[in-house]
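Chemist: Here you go, one structure.
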Number of protein chains: 2
Amino acid sequence: MSSSRTKDKNPIPSVWAREQRRTDQPALSRDAIVREAIAMLDAEGIEALSMRKLGARLNAGATSLYRHVATKDELMELAVDEVAAEIHVPPADSPDWRAAVTEAAESFRTTALRHPWLTLVLGQAGLAYLGPNYMDFSERLAALFTAAGFAEPSRAIETVFSYVMGMSNAEAAWLTTVARSGETEADFIARLMPAAQRAAADHSHLAIPHSEVEEATTDPVALRDMKFAYGLEVVLDGLALRLPK
Amino acid sequence: MSSSRTKDKNPIPSVWAREQRRTDQPALSRDAIVREAIAMLDAEGIEALSMRKLGARLNAGATSLYRHVATKDELMELAVDEVAAEIHVPPADSPDWRAAVTEAAESFRTTALRHPWLTLVLGQAGLAYLGPNYMDFSERLAALFTAAGFAEPSRAIETVFSYVMGMSNAEAAWLTTVARSGETEADFIARLMPAAQRAAADHSHLAIPHSEVEEATTDPVALRDMKFAYGLEVVLDGLALRLPK
DNA sequence: CCGCTCTGCGTACAGTGTTCGCATCGAAGG
DNA sequence: CCTTCGATGCGAACACTGTACGCAGAGCGG
């Protein structure tokens, strides 16, 4: 690729031989770093991101990044908050609260699957220090659930989004292993099916119904969508019982 | 500390100076390695576990471990499966299915909080290759839900345990950051409360009710227990609606 | 023109997972 | 009893990682 600004090993160091600062290449900045980090995380996975590789992608040295970001962990927190902006929560005055919550839940799932490292970082960070976008997200959810009439909106939110996070986390992990295999999801499933059947043979209650096998190998995406929707409906039904009527 | 078998730097290497193999110290074995790894993970957290430190704990060199374990990832999978044996699932013929499922869910949560790295590894591994204990756990759950009368037990299980995993994951992350602070959970909360209040000032719907502040600073464990139980009841209510009566 | 702050980066350090080849062992076979 | 052999432990080494430090230059206010 193109060389960094001054890395050419010129035998005679000279002012004249020095490269000009390439201003067309945008300057190193916190935002640019975070954006590129997200791109790398999405493309190559969480354990492929290193400060050196990230620096190289930005035509910069690894240690230059530390002028804009205190530590790699901080960079991850910034990436999480940046991505949190993608989650869409309908306004609080939506006529149908169930539809609105469903929309928010599906939006969360979509972003979590688009950035499969999201739930991992959220699990590690401990959510002690939350960024502005994440706070906005929480605030909108609180408004939505309050408007829906819940006496203790935080309880309801925790319930729904524990389910959503648990499901998204499992799906993201699954999609990551599928991606690592280099196969289509359907092919991957088809290849693993014999082993799964053999394993299930010793555990009578784990038999997989034929209909599910069929759908898993033809349209696995639709199957996952449906599973997620099913569980979400269950949770919302349980919550609806607690709504004062 | 005590020296490893042959590490004494004897200037004159001699057969006679060689230490005897200490047979009272149990030999290096796969099980011993996994056990010690779990102890380390529990005590010092997931990022504190390195092959070298683990070897040192076992009075062995780091590379000796590779005779019994192919890779660090495999070691983690073994640790996960070992820990999965601690989860208790009531027998399928339990009279009250809700009580039985509640017991299983609470048992999962307890082990996930006893080993706060569990959910992290589960999220990374992708659950492609499951160990025997984890299979047993799944099998028992399937039996329980089938006996309860669910037409599609796997759907119901996925719903409940997505919630349980999401909640446990968040709690484990929280407890990890609390532990890192070196304070009591109550002290930690009390110290962070002003900042939280200030942050909530800009987000009107995020206000924390006084009763909750009070309980969080006096008995945070009970508060977490109750939150978990609340969400679980919600999910079970939603599932009960789908049970043929 | 001086000085000062800001930014980039080369070097270096401590630590990581893992490979390789050598030393040593207990047991099996002649 | 001596020899051979497979299993086991391990020191050295390799390719990485995150990050601290100090120097070099750029741009700017005085």
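In the structure tokens, chains take letters A, B, ... by order of appearance, with residues numbered from 1 within each chain and ligands from 1 in the order shown.
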Kindly provide, as a list of chain:residue names, the residues of chain B having any atom no farther than 8 Å from an atom of chain D, counting only C-alpha atoms (C1' of nucleotides).

Modeler: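 Those within range of chain D come out as B:Ala60, B:Gly61, B:Thr63, B:Ser64, B:Arg67.
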
Chemist: DSSP on the backbone, alpha helix (DSSP H) only: what residues of region 22-160 of chain B does that give? Format it as a short mmCIF file (atom, residue, chain, number, x, y, z; two decimals) with N, CA and C atoms, in the first residue's frame.

Modeler:
data_model
loop_
_atom_site.label_atom_id
_atom_site.label_comp_id
_atom_site.auth_asym_id
_atom_site.auth_seq_id
_atom_site.Cartn_x
_atom_site.Cartn_y
_atom_site.Cartn_z
N ARG B 30 -5.11 -33.36 32.52
CA ARG B 30 -6.14 -32.50 31.93
C ARG B 30 -7.10 -31.97 32.98
N ASP B 31 -7.58 -32.85 33.84
CA ASP B 31 -8.53 -32.43 34.86
C ASP B 31 -7.93 -31.42 35.82
N ALA B 32 -6.72 -31.69 36.26
CA ALA B 32 -6.07 -30.77 37.20
C ALA B 32 -5.91 -29.41 36.56
N ILE B 33 -5.54 -29.39 35.30
CA ILE B 33 -5.34 -28.11 34.59
C ILE B 33 -6.66 -27.34 34.53
N VAL B 34 -7.71 -28.05 34.13
CA VAL B 34 -9.01 -27.38 34.01
C VAL B 34 -9.46 -26.85 35.37
N ARG B 35 -9.30 -27.66 36.39
CA ARG B 35 -9.70 -27.23 37.74
C ARG B 35 -8.96 -25.95 38.15
N GLU B 36 -7.65 -25.97 37.96
CA GLU B 36 -6.86 -24.81 38.37
C GLU B 36 -7.21 -23.59 37.53
N ALA B 37 -7.48 -23.82 36.25
CA ALA B 37 -7.87 -22.70 35.38
C ALA B 37 -9.15 -22.06 35.89
N ILE B 38 -10.11 -22.88 36.27
CA ILE B 38 -11.37 -22.35 36.80
C ILE B 38 -11.12 -21.54 38.07
N ALA B 39 -10.27 -22.07 38.93
CA ALA B 39 -9.96 -21.35 40.18
C ALA B 39 -9.36 -19.99 39.86
N MET B 40 -8.45 -19.96 38.88
CA MET B 40 -7.83 -18.69 38.52
C MET B 40 -8.84 -17.73 37.91
N LEU B 41 -9.67 -18.25 37.02
CA LEU B 41 -10.68 -17.41 36.37
C LEU B 41 -11.60 -16.81 37.41
N ASP B 42 -12.03 -17.61 38.36
CA ASP B 42 -12.93 -17.11 39.39
C ASP B 42 -12.25 -16.04 40.23
N ALA B 43 -10.98 -16.29 40.57
CA ALA B 43 -10.31 -15.40 41.52
C ALA B 43 -9.83 -14.11 40.87
N GLU B 44 -9.34 -14.21 39.63
CA GLU B 44 -8.64 -13.05 39.08
C GLU B 44 -9.23 -12.52 37.77
N MET B 51 -1.37 -18.77 30.01
CA MET B 51 -0.83 -20.11 30.08
C MET B 51 0.39 -20.15 31.01
N ARG B 52 1.18 -19.11 31.00
CA ARG B 52 2.36 -19.10 31.85
C ARG B 52 2.00 -19.08 33.32
N LYS B 53 1.05 -18.18 33.67
CA LYS B 53 0.67 -18.09 35.08
C LYS B 53 0.01 -19.39 35.52
N LEU B 54 -0.82 -19.94 34.64
CA LEU B 54 -1.48 -21.19 34.98
C LEU B 54 -0.46 -22.30 35.20
N GLY B 55 0.53 -22.36 34.32
CA GLY B 55 1.59 -23.34 34.49
C GLY B 55 2.31 -23.14 35.82
N ALA B 56 2.62 -21.91 36.13
CA ALA B 56 3.35 -21.63 37.37
C ALA B 56 2.56 -22.13 38.58
N ARG B 57 1.24 -21.93 38.55
CA ARG B 57 0.40 -22.38 39.65
C ARG B 57 0.44 -23.88 39.84
N LYS B 72 -5.50 -22.77 24.05
CA LYS B 72 -6.14 -22.07 25.17
C LYS B 72 -7.65 -22.04 24.98
N ASP B 73 -8.09 -21.88 23.74
CA ASP B 73 -9.52 -21.88 23.48
C ASP B 73 -10.15 -23.20 23.91
N GLU B 74 -9.46 -24.29 23.59
CA GLU B 74 -9.99 -25.59 24.01
C GLU B 74 -10.07 -25.68 25.52
N LEU B 75 -9.06 -25.15 26.19
CA LEU B 75 -9.08 -25.13 27.65
C LEU B 75 -10.30 -24.37 28.16
N MET B 76 -10.63 -23.25 27.53
CA MET B 76 -11.80 -22.48 27.94
C MET B 76 -13.07 -23.29 27.74
N GLU B 77 -13.16 -23.99 26.61
CA GLU B 77 -14.34 -24.81 26.38
C GLU B 77 -14.48 -25.88 27.45
N LEU B 78 -13.35 -26.47 27.81
CA LEU B 78 -13.38 -27.49 28.86
C LEU B 78 -13.83 -26.88 30.19
N ALA B 79 -13.34 -25.68 30.47
CA ALA B 79 -13.73 -25.01 31.71
C ALA B 79 -15.23 -24.73 31.71
N VAL B 80 -15.73 -24.28 30.58
CA VAL B 80 -17.17 -24.00 30.49
C VAL B 80 -17.97 -25.27 30.75
N ASP B 81 -17.56 -26.35 30.13
CA ASP B 81 -18.34 -27.57 30.30
C ASP B 81 -18.24 -28.10 31.73
N GLU B 82 -17.06 -27.95 32.33
CA GLU B 82 -16.90 -28.38 33.72
C GLU B 82 -17.88 -27.63 34.62
N VAL B 83 -17.97 -26.33 34.39
CA VAL B 83 -18.82 -25.48 35.21
C VAL B 83 -20.31 -25.75 34.93
N ALA B 84 -20.59 -26.18 33.71
CA ALA B 84 -21.98 -26.46 33.34
C ALA B 84 -22.56 -27.58 34.20
N TRP B 97 -44.49 -27.20 37.00
CA TRP B 97 -43.47 -26.90 36.00
C TRP B 97 -42.88 -25.52 36.20
N ARG B 98 -43.69 -24.54 36.63
CA ARG B 98 -43.17 -23.19 36.82
C ARG B 98 -42.11 -23.16 37.92
N ALA B 99 -42.41 -23.87 39.00
CA ALA B 99 -41.42 -23.91 40.09
C ALA B 99 -40.15 -24.59 39.61
N ALA B 100 -40.30 -25.62 38.82
CA ALA B 100 -39.13 -26.36 38.34
C ALA B 100 -38.29 -25.50 37.41
N VAL B 101 -38.94 -24.81 36.48
CA VAL B 101 -38.20 -23.96 35.55
C VAL B 101 -37.52 -22.82 36.31
N THR B 102 -38.25 -22.27 37.29
CA THR B 102 -37.67 -21.21 38.10
C THR B 102 -36.40 -21.69 38.79
N GLU B 103 -36.46 -22.91 39.30
CA GLU B 103 -35.30 -23.47 39.98
C GLU B 103 -34.12 -23.59 39.01
N ALA B 104 -34.40 -24.09 37.83
CA ALA B 104 -33.32 -24.24 36.84
C ALA B 104 -32.74 -22.88 36.47
N ALA B 105 -33.62 -21.90 36.26
CA ALA B 105 -33.16 -20.57 35.87
C ALA B 105 -32.30 -19.96 36.97
N GLU B 106 -32.75 -20.11 38.22
CA GLU B 106 -31.97 -19.54 39.32
C GLU B 106 -30.64 -20.26 39.49
N SER B 107 -30.65 -21.56 39.22
CA SER B 107 -29.39 -22.29 39.31
C SER B 107 -28.40 -21.82 38.25
N PHE B 108 -28.92 -21.58 37.06
CA PHE B 108 -28.05 -21.06 36.01
C PHE B 108 -27.48 -19.71 36.43
N ARG B 109 -28.36 -18.84 36.91
CA ARG B 109 -27.89 -17.51 37.32
C ARG B 109 -26.83 -17.62 38.41
N THR B 110 -27.07 -18.48 39.37
CA THR B 110 -26.11 -18.62 40.47
C THR B 110 -24.72 -19.03 39.96
N THR B 111 -24.69 -20.03 39.09
CA THR B 111 -23.39 -20.45 38.57
C THR B 111 -22.78 -19.37 37.69
N ALA B 112 -23.60 -18.67 36.94
CA ALA B 112 -23.05 -17.61 36.08
C ALA B 112 -22.46 -16.48 36.91
N LEU B 113 -23.01 -16.26 38.11
CA LEU B 113 -22.46 -15.20 38.97
C LEU B 113 -21.27 -15.72 39.77
N ARG B 114 -21.25 -17.02 40.03
CA ARG B 114 -20.10 -17.60 40.72
C ARG B 114 -18.89 -17.63 39.78
N LEU B 118 -18.27 -16.99 32.58
CA LEU B 118 -19.04 -18.01 31.86
C LEU B 118 -19.75 -17.43 30.63
N THR B 119 -20.54 -16.41 30.86
CA THR B 119 -21.34 -15.87 29.75
C THR B 119 -20.44 -15.26 28.68
N LEU B 120 -19.30 -14.70 29.11
CA LEU B 120 -18.39 -14.15 28.11
C LEU B 120 -17.90 -15.23 27.16
N VAL B 121 -17.45 -16.34 27.72
CA VAL B 121 -16.92 -17.42 26.88
C VAL B 121 -18.04 -18.00 26.03
N LEU B 122 -19.21 -18.16 26.61
CA LEU B 122 -20.34 -18.68 25.84
C LEU B 122 -20.64 -17.77 24.65
N GLY B 123 -20.51 -16.47 24.83
CA GLY B 123 -20.77 -15.55 23.74
C GLY B 123 -19.71 -15.61 22.66
N GLN B 124 -18.49 -15.96 23.07
CA GLN B 124 -17.43 -16.00 22.08
C GLN B 124 -17.36 -17.34 21.34
N ALA B 125 -17.62 -18.40 22.09
CA ALA B 125 -17.42 -19.73 21.52
C ALA B 125 -18.42 -20.01 20.40
N PRO B 132 -20.23 -32.58 27.00
CA PRO B 132 -21.24 -33.52 27.50
C PRO B 132 -22.11 -32.94 28.61
N ASN B 133 -21.52 -32.18 29.52
CA ASN B 133 -22.32 -31.61 30.61
C ASN B 133 -23.33 -30.60 30.09
N TYR B 134 -22.90 -29.83 29.09
CA TYR B 134 -23.82 -28.86 28.52
C TYR B 134 -24.95 -29.57 27.76
N MET B 135 -24.60 -30.67 27.12
CA MET B 135 -25.64 -31.45 26.43
C MET B 135 -26.63 -32.03 27.45
N ASP B 136 -26.11 -32.54 28.54
CA ASP B 136 -26.99 -33.06 29.58
C ASP B 136 -27.94 -31.98 30.08
N PHE B 137 -27.38 -30.81 30.32
CA PHE B 137 -28.19 -29.69 30.77
C PHE B 137 -29.32 -29.42 29.78
N SER B 138 -28.97 -29.35 28.50
CA SER B 138 -29.99 -29.10 27.48
C SER B 138 -31.03 -30.21 27.45
N GLU B 139 -30.56 -31.41 27.54
CA GLU B 139 -31.47 -32.55 27.50
C GLU B 139 -32.48 -32.52 28.65
N ARG B 140 -31.98 -32.24 29.85
CA ARG B 140 -32.88 -32.17 31.00
C ARG B 140 -33.91 -31.06 30.83
N LEU B 141 -33.44 -29.92 30.30
CA LEU B 141 -34.39 -28.84 30.06
C LEU B 141 -35.46 -29.26 29.07
N ALA B 142 -35.03 -29.90 28.00
CA ALA B 142 -35.98 -30.34 26.98
C ALA B 142 -37.00 -31.29 27.60
N ALA B 143 -36.51 -32.21 28.42
CA ALA B 143 -37.43 -33.15 29.07
C ALA B 143 -38.44 -32.41 29.93
N LEU B 144 -37.94 -31.44 30.68
CA LEU B 144 -38.80 -30.67 31.59
C LEU B 144 -39.89 -29.92 30.84
N PHE B 145 -39.50 -29.25 29.78
CA PHE B 145 -40.48 -28.45 29.04
C PHE B 145 -41.44 -29.34 28.25
N THR B 146 -40.95 -30.47 27.78
CA THR B 146 -41.84 -31.39 27.08
C THR B 146 -42.90 -31.92 28.04
N ALA B 147 -42.44 -32.33 29.22
CA ALA B 147 -43.39 -32.86 30.22
C ALA B 147 -44.40 -31.79 30.63
N ALA B 148 -43.96 -30.52 30.60
CA ALA B 148 -44.87 -29.44 30.97
C ALA B 148 -45.99 -29.28 29.95
N PRO B 153 -40.95 -27.30 22.61
CA PRO B 153 -40.16 -27.00 23.81
C PRO B 153 -38.92 -26.16 23.51
N SER B 154 -38.30 -26.38 22.35
CA SER B 154 -37.06 -25.64 22.08
C SER B 154 -37.32 -24.14 22.00
N ARG B 155 -38.47 -23.75 21.45
CA ARG B 155 -38.81 -22.33 21.40
C ARG B 155 -38.93 -21.75 22.81
N ALA B 156 -39.65 -22.47 23.64
CA ALA B 156 -39.86 -21.99 25.00
C ALA B 156 -38.53 -21.89 25.76
N ILE B 157 -37.71 -22.91 25.59
CA ILE B 157 -36.41 -22.91 26.28
C ILE B 157 -35.58 -21.73 25.82
N GLU B 158 -35.53 -21.54 24.50
CA GLU B 158 -34.75 -20.43 23.97
C GLU B 158 -35.21 -19.10 24.54
N THR B 159 -36.52 -18.95 24.67
CA THR B 159 -37.05 -17.69 25.19
C THR B 159 -36.62 -17.47 26.65
N VAL B 160 -36.90 -18.45 27.48
CA VAL B 160 -36.56 -18.29 28.89
C VAL B 160 -35.06 -18.07 29.07
#

Chemist: Pull out every residue of chain C sitting within 12 Å of chain B, counting only C-alpha atoms (C1' of nucleotides), and send them as a list in words.

Modeler: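 Only these qualify: DG15, DT16, DG17, DT18, DT19, DC20, DA23, DT24 and DC25 of chain C.
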
Chemist: Please dump the current selection as a PDB file, in the first residue's frame; keep C-alpha atoms (C1' of nucleotides).

Modeler:
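Just written: part11.pdb:
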ATOM      1  C1'  DG C  15       3.747  -9.796  28.286  1.00  0.00           C
ATOM      2  C1'  DT C  16       0.948 -13.082  25.218  1.00  0.00           C
ATOM      3  C1'  DG C  17      -0.153 -17.928  22.656  1.00  0.00           C
ATOM      4  C1'  DT C  18       2.155 -21.397  20.508  1.00  0.00           C
ATOM      5  C1'  DT C  19       6.048 -24.404  17.962  1.00  0.00           C
ATOM      6  C1'  DC C  20      10.042 -27.098  18.117  1.00  0.00           C
ATOM      7  C1'  DA C  23      16.016 -34.318  27.905  1.00  0.00           C
ATOM      8  C1'  DT C  24      14.105 -37.489  30.860  1.00  0.00           C
ATOM      9  C1'  DC C  25      11.092 -40.834  32.483  1.00  0.00           C
TER      10       DC C  25
END

Chemist: Of the candidates B:Ala92, B:Leu206, B:Met193, B:Ala151, which shows the shortest atom-to-atom distance to chain A, using only C-alpha atoms?

Modeler: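 That would be B:Leu206, the residue with the smallest distance to chain A.
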
Chemist: To one decimal place in Å, what is the distance between CA of Ile189 (chain B) and CA of Glu233 (chain B)?

Modeler: 26.5 Å

Chemist: What is the distance between C1' of DT11 (chain C) and CA of Ala27 (chain A), in Å to one decimal?

Modeler: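 CA of Ala27 (chain A) lies 24.0 Å from C1' of DT11 (chain C).
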